[in-house]
Amino acid sequence: MSNKQQRSWLVVSMSNADALAQAVQSGADVVVLDLVEFVRDNQKPAAREKIRAAIDSVCAAGKQVFAQIDPQNHEADLSACAWPGLSGVVVSRAEVASQIEKICKYLFLWEKERGLSAGSTGMVLALETARGNQDAYEVATASKRVCALTLGRADLAMDLRPEPSGEIHLMPYLMERLVIIARAIGVTPLGAWWRAPDRGLLATAENTLHAATRGRAVGFKGSLCLRADQIEPLNKIYA
Amino acid sequence: MSLLVRRSNLMVSAGDAGAVASSWRHNADAVTLDITGNASARESVKASIATAAKGGAEIFVRVSKASLQADLEASVWPGLCGIMLPCVESAAEVSLAAEIMAALEKQRGIAAGSLQFILMLESARGVWDIRPIVKANPRVTQAALDERALAADLGFTPLPELDPFDYARGRLAVEATAAKVAAVGMAYPLSVQPRELPHAELHELATKAKNLGMKGVICPYSSWVAPVNAAFTPTPELVEWNRRVREAFAVGVAAGTAAVPLDGKMIDVPVDEWAIVVLAMAEACAARDAQKRAALALA
């Protein structure tokens, strides 16, 4: 039986075979196969070719699979990843409703073509830009496929300056706002209360536990992560 | 300038005869009789309004959404100041309640449009749609978050050391103020987990709430009333300073400048304008306190 919880979302690069093999073995509830953040442009065609097999192997291990796609390259990314077994897509830098509508339509085409039930592919929106956050409600209601919201790498994309206090300025405001919007719409808010520089690749298991504890206490229900040792604390706290 | 002085609003369970009987003795600016989930309290509400008002407080009744019509029929009587509406999620709900109120005002000889609303926002939907909600009807004079209910709606248990509602509270303060509605609420963590504390600590948290843009506090305990009233009343020192600000500024303007130094501070137009507000508020608070004393003397 496949695990329907979505506490930990491990993001792995489609150009890193070792990380992929590790993700398949990991305790992550969801594996996010990335075609955007950690794949160089010249490696993207090769990464897209490999993603169908990767979906199969993650599914076989009983985990849910999402693909992180680039709205600038959504046609190529979606045609590569919209296969049976895919639970949904994570839309990197989601910022306008028209973009989401386009991706949604394109998914309908592939769902029909490849024998998937119409509308079954979900969407997680990563609101990483000021514009995406400003219009979050409109963007997130642009498609019924949207099942979760996250700030993704807004701290980097929006240049939110961790120095000098250690807090990532403006992130608490964006996080609390995202939680309210997600609940008003009825989708899941994903995230954790990371502190600079303890986010993403840098956060230890202990600091992830701390970030998740605080994340849960502001309303997050699960989180994306980048390292296998971050999974256990997320699964524990977001249980 | 018309200023609303409703610093403390004491919540009293309408079904608790003892609490109702003593509700007028606590010097609250307002008393709200809570009849939610208590059908039998509807029968005694008319009499309870008169009791609770003996100390000069404005009287509100907290009704249920589920039994709005019956609760309003039980509550709208002469002597009532208004209704506290819980869990408001849309402007349409406010309009509906306003229609029922208008009919009851007419039927019962109460001045048309005189009864007010205090709106409670208890869900993400209410917080997100606050703008149309607070502007839905001119009866709305105050709006507040029920942070305990909001945390439940969002499905989490807050940590005392991590305030999860900076954003929601800030949104309330900005949107309510823009709509000329008073935002009310206590500072964290008492806002999400109300409890009794020594006077000084309550005073400090109420002052913090004031600094967050709140204009008053809904008090679940009578022990909150005195520190809340004090925190929302300009102190004699503040009044004295602002009198001097106004004098110094007037002298400066007469001499041809709109920026005057006073005790090492620069007094300019916004400082003078704020001094006007503080002095008006002090006067309004003094007038309200005199009203309540007069009512008590007759009680």
# chains A, B, ... in the order shown; residues from 1 in each chain; ligands from 1
call {"tool": "residues_around", "arguments": {"residues": "range 81-84 of chain A", "least_positions_apart": "2", "cutoff": "12 Å", "atoms": "only C-alpha atoms", "output": "number ranges by chain"}}
result
A: 14, 32-35, 47-56, 59, 64-70, 74-79, 86-90, 103-104, 106-122
call {"tool": "select_by_dssp", "arguments": {"residues": "range 56-113 of chain A", "states": "helix (DSSP H, G or I)", "output": "JSON, numbers by chain"}}
result
{"A": [56, 57, 58, 59, 60, 71, 72, 73, 74, 75, 76, 77, 78, 79, 80, 81, 97, 98, 99, 100, 101, 102, 103, 104, 105, 106, 107, 108, 109, 110, 111, 112, 113]}
call {"tool": "write_last_selection", "arguments": {"atoms": "C-alpha atoms", "output": "PDB file, in the first residue's frame"}}
result
ATOM      1  CA  ASP A  56       8.399   4.089 -11.749  1.00  0.00           C
ATOM      2  CA  SER A  57      11.170   3.304  -9.285  1.00  0.00           C
ATOM      3  CA  VAL A  58       9.894   5.784  -6.640  1.00  0.00           C
ATOM      4  CA  CYS A  59       6.352   4.443  -7.052  1.00  0.00           C
ATOM      5  CA  ALA A  60       7.578   0.882  -6.722  1.00  0.00           C
ATOM      6  CA  PRO A  71       6.777  27.356 -15.857  1.00  0.00           C
ATOM      7  CA  GLN A  72       9.114  28.825 -18.493  1.00  0.00           C
ATOM      8  CA  ASN A  73       9.640  25.327 -19.927  1.00  0.00           C
ATOM      9  CA  HIS A  74       6.372  23.729 -18.941  1.00  0.00           C
ATOM     10  CA  GLU A  75       5.643  22.018 -22.274  1.00  0.00           C
ATOM     11  CA  ALA A  76       8.912  20.112 -22.348  1.00  0.00           C
ATOM     12  CA  ASP A  77       8.842  19.382 -18.612  1.00  0.00           C
ATOM     13  CA  LEU A  78       5.228  18.182 -18.600  1.00  0.00           C
ATOM     14  CA  SER A  79       5.528  15.978 -21.647  1.00  0.00           C
ATOM     15  CA  ALA A  80       8.522  14.355 -19.938  1.00  0.00           C
ATOM     16  CA  CYS A  81       6.882  13.743 -16.567  1.00  0.00           C
ATOM     17  CA  ALA A  97      -2.923  32.783 -12.690  1.00  0.00           C
ATOM     18  CA  SER A  98      -2.530  32.535 -16.497  1.00  0.00           C
ATOM     19  CA  GLN A  99       0.638  30.476 -16.028  1.00  0.00           C
ATOM     20  CA  ILE A 100      -1.218  28.028 -13.780  1.00  0.00           C
ATOM     21  CA  GLU A 101      -4.146  27.818 -16.201  1.00  0.00           C
ATOM     22  CA  LYS A 102      -1.751  26.955 -19.031  1.00  0.00           C
ATOM     23  CA  ILE A 103      -0.070  24.206 -17.055  1.00  0.00           C
ATOM     24  CA  CYS A 104      -3.464  22.888 -15.993  1.00  0.00           C
ATOM     25  CA  LYS A 105      -4.682  22.702 -19.612  1.00  0.00           C
ATOM     26  CA  TYR A 106      -1.516  21.044 -20.771  1.00  0.00           C
ATOM     27  CA  LEU A 107      -1.891  18.432 -18.042  1.00  0.00           C
ATOM     28  CA  PHE A 108      -5.417  17.635 -19.299  1.00  0.00           C
ATOM     29  CA  LEU A 109      -3.973  16.929 -22.748  1.00  0.00           C
ATOM     30  CA  TRP A 110      -1.377  14.522 -21.427  1.00  0.00           C
ATOM     31  CA  GLU A 111      -3.815  12.895 -19.020  1.00  0.00           C
ATOM     32  CA  LYS A 112      -6.096  12.116 -21.967  1.00  0.00           C
ATOM     33  CA  GLU A 113      -3.291  10.975 -24.228  1.00  0.00           C
TER      34      GLU A 113
END
call {"tool": "interface_residues", "arguments": {"of": "chain A", "to": "chain B", "cutoff": "7 Å", "atoms": "only C-alpha atoms", "output": "PyMOL selection string"}}
result
chain A and resi 173+176-177+180-181+183-184+216-219
call {"tool": "write_last_selection", "arguments": {"atoms": "N, CA and C atoms", "output": "PDB file, in the first residue's frame"}}
result
ATOM      1  N   TYR A 173       6.454  36.886   8.077  1.00  0.00           N
ATOM      2  CA  TYR A 173       5.253  37.521   7.518  1.00  0.00           C
ATOM      3  C   TYR A 173       4.712  36.696   6.352  1.00  0.00           C
ATOM      4  N   GLU A 176       3.219  33.265   7.634  1.00  0.00           N
ATOM      5  CA  GLU A 176       1.918  33.367   8.307  1.00  0.00           C
ATOM      6  C   GLU A 176       0.817  33.699   7.298  1.00  0.00           C
ATOM      7  N   ARG A 177       1.157  34.517   6.331  1.00  0.00           N
ATOM      8  CA  ARG A 177       0.177  34.896   5.308  1.00  0.00           C
ATOM      9  C   ARG A 177      -0.172  33.690   4.438  1.00  0.00           C
ATOM     10  N   ILE A 180      -2.614  31.357   6.195  1.00  0.00           N
ATOM     11  CA  ILE A 180      -3.996  31.876   6.171  1.00  0.00           C
ATOM     12  C   ILE A 180      -4.622  31.647   4.786  1.00  0.00           C
ATOM     13  N   ILE A 181      -3.869  31.976   3.741  1.00  0.00           N
ATOM     14  CA  ILE A 181      -4.404  31.842   2.382  1.00  0.00           C
ATOM     15  C   ILE A 181      -4.682  30.374   2.063  1.00  0.00           C
ATOM     16  N   ARG A 183      -5.359  27.910   4.046  1.00  0.00           N
ATOM     17  CA  ARG A 183      -6.523  27.418   4.780  1.00  0.00           C
ATOM     18  C   ARG A 183      -7.816  28.007   4.202  1.00  0.00           C
ATOM     19  N   ALA A 184      -7.779  29.292   3.818  1.00  0.00           N
ATOM     20  CA  ALA A 184      -8.984  29.920   3.253  1.00  0.00           C
ATOM     21  C   ALA A 184      -9.397  29.203   1.965  1.00  0.00           C
ATOM     22  N   ARG A 216       5.182  23.727  12.579  1.00  0.00           N
ATOM     23  CA  ARG A 216       3.899  23.130  12.943  1.00  0.00           C
ATOM     24  C   ARG A 216       3.085  24.089  13.814  1.00  0.00           C
ATOM     25  N   ALA A 217       3.795  24.840  14.680  1.00  0.00           N
ATOM     26  CA  ALA A 217       3.103  25.740  15.616  1.00  0.00           C
ATOM     27  C   ALA A 217       2.632  27.032  14.951  1.00  0.00           C
ATOM     28  N   VAL A 218       2.899  27.215  13.680  1.00  0.00           N
ATOM     29  CA  VAL A 218       2.294  28.338  12.961  1.00  0.00           C
ATOM     30  C   VAL A 218       1.349  27.837  11.867  1.00  0.00           C
ATOM     31  N   GLY A 219       1.212  26.521  11.738  1.00  0.00           N
ATOM     32  CA  GLY A 219       0.182  26.001  10.847  1.00  0.00           C
ATOM     33  C   GLY A 219       0.647  25.173   9.663  1.00  0.00           C
TER      34      GLY A 219
END
call {"tool": "residues_around", "arguments": {"residues": "range 129-136 of chain A", "least_positions_apart": "2", "cutoff": "7 Å", "atoms": "only C-alpha atoms", "output": "PDB file with C-alpha atoms, in the first residue's frame"}}
result
ATOM      1  CA  ARG A  93       8.260  30.321  -9.174  1.00  0.00           C
ATOM      2  CA  ALA A  94       4.512  30.307  -9.616  1.00  0.00           C
ATOM      3  CA  GLU A  95       3.368  33.883  -9.923  1.00  0.00           C
ATOM      4  CA  VAL A  96       0.426  34.504 -12.242  1.00  0.00           C
ATOM      5  CA  LEU A 127       5.453  31.098  -4.396  1.00  0.00           C
ATOM      6  CA  GLU A 138      -5.716  34.407  -7.266  1.00  0.00           C
ATOM      7  CA  VAL A 139      -2.799  32.243  -8.401  1.00  0.00           C
ATOM      8  CA  ALA A 140      -3.706  29.395  -6.079  1.00  0.00           C
ATOM      9  CA  ALA A 154      11.583  32.796  -1.609  1.00  0.00           C
ATOM     10  CA  ALA A 157      14.530  34.527  -5.008  1.00  0.00           C
ATOM     11  CA  MET A 158      13.433  37.633  -3.140  1.00  0.00           C
TER      12      MET A 158
END
call {"tool": "closest_residue", "arguments": {"among": "B:Ala66, B:Ile49, B:Leu119, B:Val12", "to": "Gly37 in chain B", "atoms": "only C-alpha atoms"}}
result
B:Ala66
call {"tool": "residues_around", "arguments": {"residues": "Glu147 in chain B", "least_positions_apart": "5", "cutoff": "8 Å", "atoms": "only C-alpha atoms", "output": "ChimeraX atom specification"}}
result
/B:122,165,191-192
call {"tool": "residues_around", "arguments": {"residues": "range 104-115 of chain B", "least_positions_apart": "2", "cutoff": "12 Å", "atoms": "only C-alpha atoms", "output": "compact mmCIF listing (two decimals) with C-alpha atoms, in the first residue's frame"}}
result
# COMPACT_ATOMS: atom_id res chain seq x y z
CA GLU B 58 -22.56 49.46 27.23
CA ILE B 59 -24.30 46.09 26.93
CA PHE B 60 -23.74 43.63 24.10
CA VAL B 61 -25.04 40.10 23.59
CA GLN B 69 -32.93 34.92 14.40
CA ALA B 70 -33.99 33.47 17.76
CA ASP B 71 -30.98 34.94 19.55
CA LEU B 72 -31.58 38.41 18.13
CA GLU B 73 -35.28 38.27 19.00
CA ALA B 74 -34.30 37.38 22.56
CA SER B 75 -31.68 40.12 22.80
CA VAL B 76 -32.79 43.23 20.96
CA TRP B 77 -34.43 45.31 23.68
CA PRO B 78 -34.12 48.93 24.75
CA GLY B 79 -30.92 49.28 26.78
CA LEU B 80 -28.91 47.06 24.46
CA CYS B 81 -25.94 48.72 22.74
CA GLY B 82 -25.33 45.98 20.19
CA ILE B 83 -24.54 42.44 19.21
CA MET B 84 -21.31 40.48 19.10
CA ALA B 97 -27.87 40.16 10.79
CA ALA B 98 -28.31 43.89 10.07
CA GLU B 99 -31.63 43.24 8.32
CA ILE B 100 -32.97 41.28 11.26
CA MET B 101 -31.76 44.01 13.63
CA ALA B 102 -33.48 46.72 11.58
CA PHE B 117 -21.98 45.14 15.82
CA ILE B 118 -18.75 43.76 17.23
CA ASN B 137 -22.56 47.69 7.39
CA PRO B 138 -22.26 51.02 9.25
CA ARG B 139 -23.35 49.26 12.44
CA VAL B 140 -19.90 47.67 12.70
CA THR B 141 -17.91 49.57 15.34
call {"tool": "atom_distance", "arguments": {"atom1": "CA of Asp229 in chain A", "atom2": "CA of Asp29 in chain A"}}
result
13.5 Å
call {"tool": "atom_distance", "arguments": {"atom1": "CA of Arg243 in chain B", "atom2": "CA of Leu279 in chain B"}}
result
7.5 Å
call {"tool": "select_by_dssp", "arguments": {"residues": "range 35-80 of chain B", "states": "strand (DSSP E)", "output": "PDB file with C-alpha atoms, in the first residue's frame"}}
result
ATOM      1  CA  GLU B  58     -22.562  49.461  27.228  1.00  0.00           C
ATOM      2  CA  ILE B  59     -24.303  46.095  26.925  1.00  0.00           C
ATOM      3  CA  PHE B  60     -23.744  43.628  24.102  1.00  0.00           C
ATOM      4  CA  VAL B  61     -25.041  40.104  23.588  1.00  0.00           C
ATOM      5  CA  ARG B  62     -22.965  37.437  21.918  1.00  0.00           C
TER       6      ARG B  62
END
call {"tool": "decode", "arguments": {"residues": "range 64-207 of chain B", "atoms": "C-alpha atoms", "output": "short mmCIF file (atom, residue, chain, number, x, y, z; two decimals), in the first residue's frame"}}
result
data_model
loop_
_atom_site.label_atom_id
_atom_site.label_comp_id
_atom_site.auth_asym_id
_atom_site.auth_seq_id
_atom_site.Cartn_x
_atom_site.Cartn_y
_atom_site.Cartn_z
CA SER B 64 -24.83 32.19 17.66
CA LYS B 65 -24.74 32.04 13.92
CA ALA B 66 -26.77 28.84 14.04
CA SER B 67 -29.65 30.44 15.95
CA LEU B 68 -29.24 34.04 14.77
CA GLN B 69 -32.93 34.92 14.40
CA ALA B 70 -33.99 33.47 17.76
CA ASP B 71 -30.98 34.94 19.55
CA LEU B 72 -31.58 38.41 18.13
CA GLU B 73 -35.28 38.27 19.00
CA ALA B 74 -34.30 37.38 22.56
CA SER B 75 -31.68 40.12 22.80
CA VAL B 76 -32.79 43.23 20.96
CA TRP B 77 -34.43 45.31 23.68
CA PRO B 78 -34.12 48.93 24.75
CA GLY B 79 -30.92 49.28 26.78
CA LEU B 80 -28.91 47.06 24.46
CA CYS B 81 -25.94 48.72 22.74
CA GLY B 82 -25.33 45.98 20.19
CA ILE B 83 -24.54 42.44 19.21
CA MET B 84 -21.31 40.48 19.10
CA LEU B 85 -21.35 38.28 15.99
CA PRO B 86 -19.05 35.25 16.21
CA CYS B 87 -17.19 33.49 13.43
CA VAL B 88 -17.98 36.01 10.69
CA GLU B 89 -16.81 34.78 7.29
CA SER B 90 -18.59 37.01 4.79
CA ALA B 91 -20.13 40.44 4.31
CA ALA B 92 -23.44 38.69 3.53
CA GLU B 93 -23.63 37.33 7.08
CA VAL B 94 -23.24 40.83 8.48
CA SER B 95 -25.89 42.18 6.11
CA LEU B 96 -28.31 39.44 7.09
CA ALA B 97 -27.87 40.16 10.79
CA ALA B 98 -28.31 43.89 10.07
CA GLU B 99 -31.63 43.24 8.32
CA ILE B 100 -32.97 41.28 11.26
CA MET B 101 -31.76 44.01 13.63
CA ALA B 102 -33.48 46.72 11.58
CA ALA B 103 -36.80 44.89 11.73
CA LEU B 104 -36.49 44.35 15.48
CA GLU B 105 -35.51 47.98 16.10
CA LYS B 106 -38.66 49.09 14.33
CA GLN B 107 -40.87 46.58 16.11
CA ARG B 108 -39.53 47.40 19.56
CA GLY B 109 -39.26 51.16 19.43
CA ILE B 110 -35.48 51.37 19.22
CA ALA B 111 -33.93 54.16 17.11
CA ALA B 112 -33.32 52.85 13.59
CA GLY B 113 -29.70 51.89 12.99
CA SER B 114 -28.65 52.59 16.56
CA LEU B 115 -27.62 49.05 17.51
CA GLN B 116 -23.99 48.19 16.81
CA PHE B 117 -21.98 45.14 15.82
CA ILE B 118 -18.75 43.76 17.23
CA LEU B 119 -17.44 41.24 14.69
CA MET B 120 -15.38 38.21 15.71
CA LEU B 121 -13.10 36.69 13.07
CA GLU B 122 -12.31 33.09 13.92
CA SER B 123 -11.22 31.49 10.66
CA ALA B 124 -8.71 31.91 7.84
CA ARG B 125 -11.64 32.77 5.55
CA GLY B 126 -12.72 35.59 7.84
CA VAL B 127 -9.17 36.96 8.15
CA TRP B 128 -8.61 36.81 4.40
CA ASP B 129 -11.94 38.45 3.53
CA ILE B 130 -11.79 41.04 6.31
CA ARG B 131 -12.05 44.06 4.00
CA PRO B 132 -15.59 43.48 2.67
CA ILE B 133 -16.61 42.11 6.08
CA VAL B 134 -15.72 45.21 8.13
CA LYS B 135 -17.21 47.48 5.47
CA ALA B 136 -20.42 45.47 5.17
CA ASN B 137 -22.56 47.69 7.39
CA PRO B 138 -22.26 51.02 9.25
CA ARG B 139 -23.35 49.26 12.44
CA VAL B 140 -19.90 47.67 12.70
CA THR B 141 -17.91 49.57 15.34
CA GLN B 142 -15.35 46.99 16.46
CA ALA B 143 -13.68 43.89 15.04
CA ALA B 144 -11.52 41.30 16.77
CA LEU B 145 -9.76 38.01 16.18
CA ASP B 146 -10.68 35.02 18.29
CA GLU B 147 -7.15 33.66 18.16
CA ARG B 148 -7.91 30.44 19.98
CA ALA B 149 -10.59 29.60 17.43
CA LEU B 150 -8.32 30.72 14.59
CA ALA B 151 -5.55 28.37 15.73
CA ALA B 152 -8.12 25.56 15.85
CA ASP B 153 -9.30 26.45 12.34
CA LEU B 154 -5.71 26.32 11.10
CA GLY B 155 -5.20 23.06 12.96
CA PHE B 156 -2.30 23.76 15.26
CA THR B 157 -1.35 24.32 18.88
CA PRO B 158 0.67 27.53 19.22
CA LEU B 159 3.91 27.76 21.20
CA PRO B 160 3.91 30.50 23.86
CA GLU B 161 7.26 31.79 22.59
CA LEU B 162 6.28 31.99 18.91
CA ASP B 163 3.45 34.33 17.97
CA PRO B 164 1.76 32.82 14.87
CA PHE B 165 -0.60 35.75 14.32
CA ASP B 166 1.55 38.82 13.68
CA TYR B 167 0.21 38.83 10.17
CA ALA B 168 -3.45 38.20 11.02
CA ARG B 169 -3.40 40.79 13.81
CA GLY B 170 -1.61 43.30 11.61
CA ARG B 171 -4.17 42.71 8.88
CA LEU B 172 -6.96 43.31 11.39
CA ALA B 173 -5.36 46.56 12.60
CA VAL B 174 -4.83 47.95 9.10
CA GLU B 175 -8.09 46.86 7.51
CA ALA B 176 -10.31 47.75 10.46
CA THR B 177 -8.65 51.13 10.96
CA ALA B 178 -8.98 51.93 7.26
CA ALA B 179 -12.70 51.17 7.50
CA LYS B 180 -12.99 53.40 10.60
CA VAL B 181 -13.72 50.35 12.71
CA ALA B 182 -11.83 49.85 15.98
CA ALA B 183 -9.58 46.78 16.10
CA VAL B 184 -9.68 45.13 19.51
CA GLY B 185 -7.55 42.40 21.01
CA MET B 186 -4.97 41.40 23.61
CA ALA B 187 -1.26 40.83 23.00
CA TYR B 188 0.30 37.37 22.57
CA PRO B 189 0.28 34.86 24.23
CA LEU B 190 -2.77 35.90 26.26
CA SER B 191 -4.60 36.56 23.02
CA VAL B 192 -4.54 32.87 22.18
CA GLN B 193 -4.61 31.52 25.72
CA PRO B 194 -6.40 33.95 28.02
CA ARG B 195 -5.68 33.56 31.72
CA GLU B 196 -5.49 35.53 34.92
CA LEU B 197 -2.22 37.29 35.72
CA PRO B 198 -1.04 39.97 38.16
CA HIS B 199 -2.20 43.50 37.36
CA ALA B 200 1.24 44.72 36.24
CA GLU B 201 1.66 41.93 33.68
CA LEU B 202 -1.82 42.46 32.30
CA HIS B 203 -1.15 46.19 32.07
CA GLU B 204 2.06 45.53 30.14
CA LEU B 205 0.36 43.17 27.67
CA ALA B 206 -2.59 45.49 27.19
CA THR B 207 -0.15 48.33 26.50
#
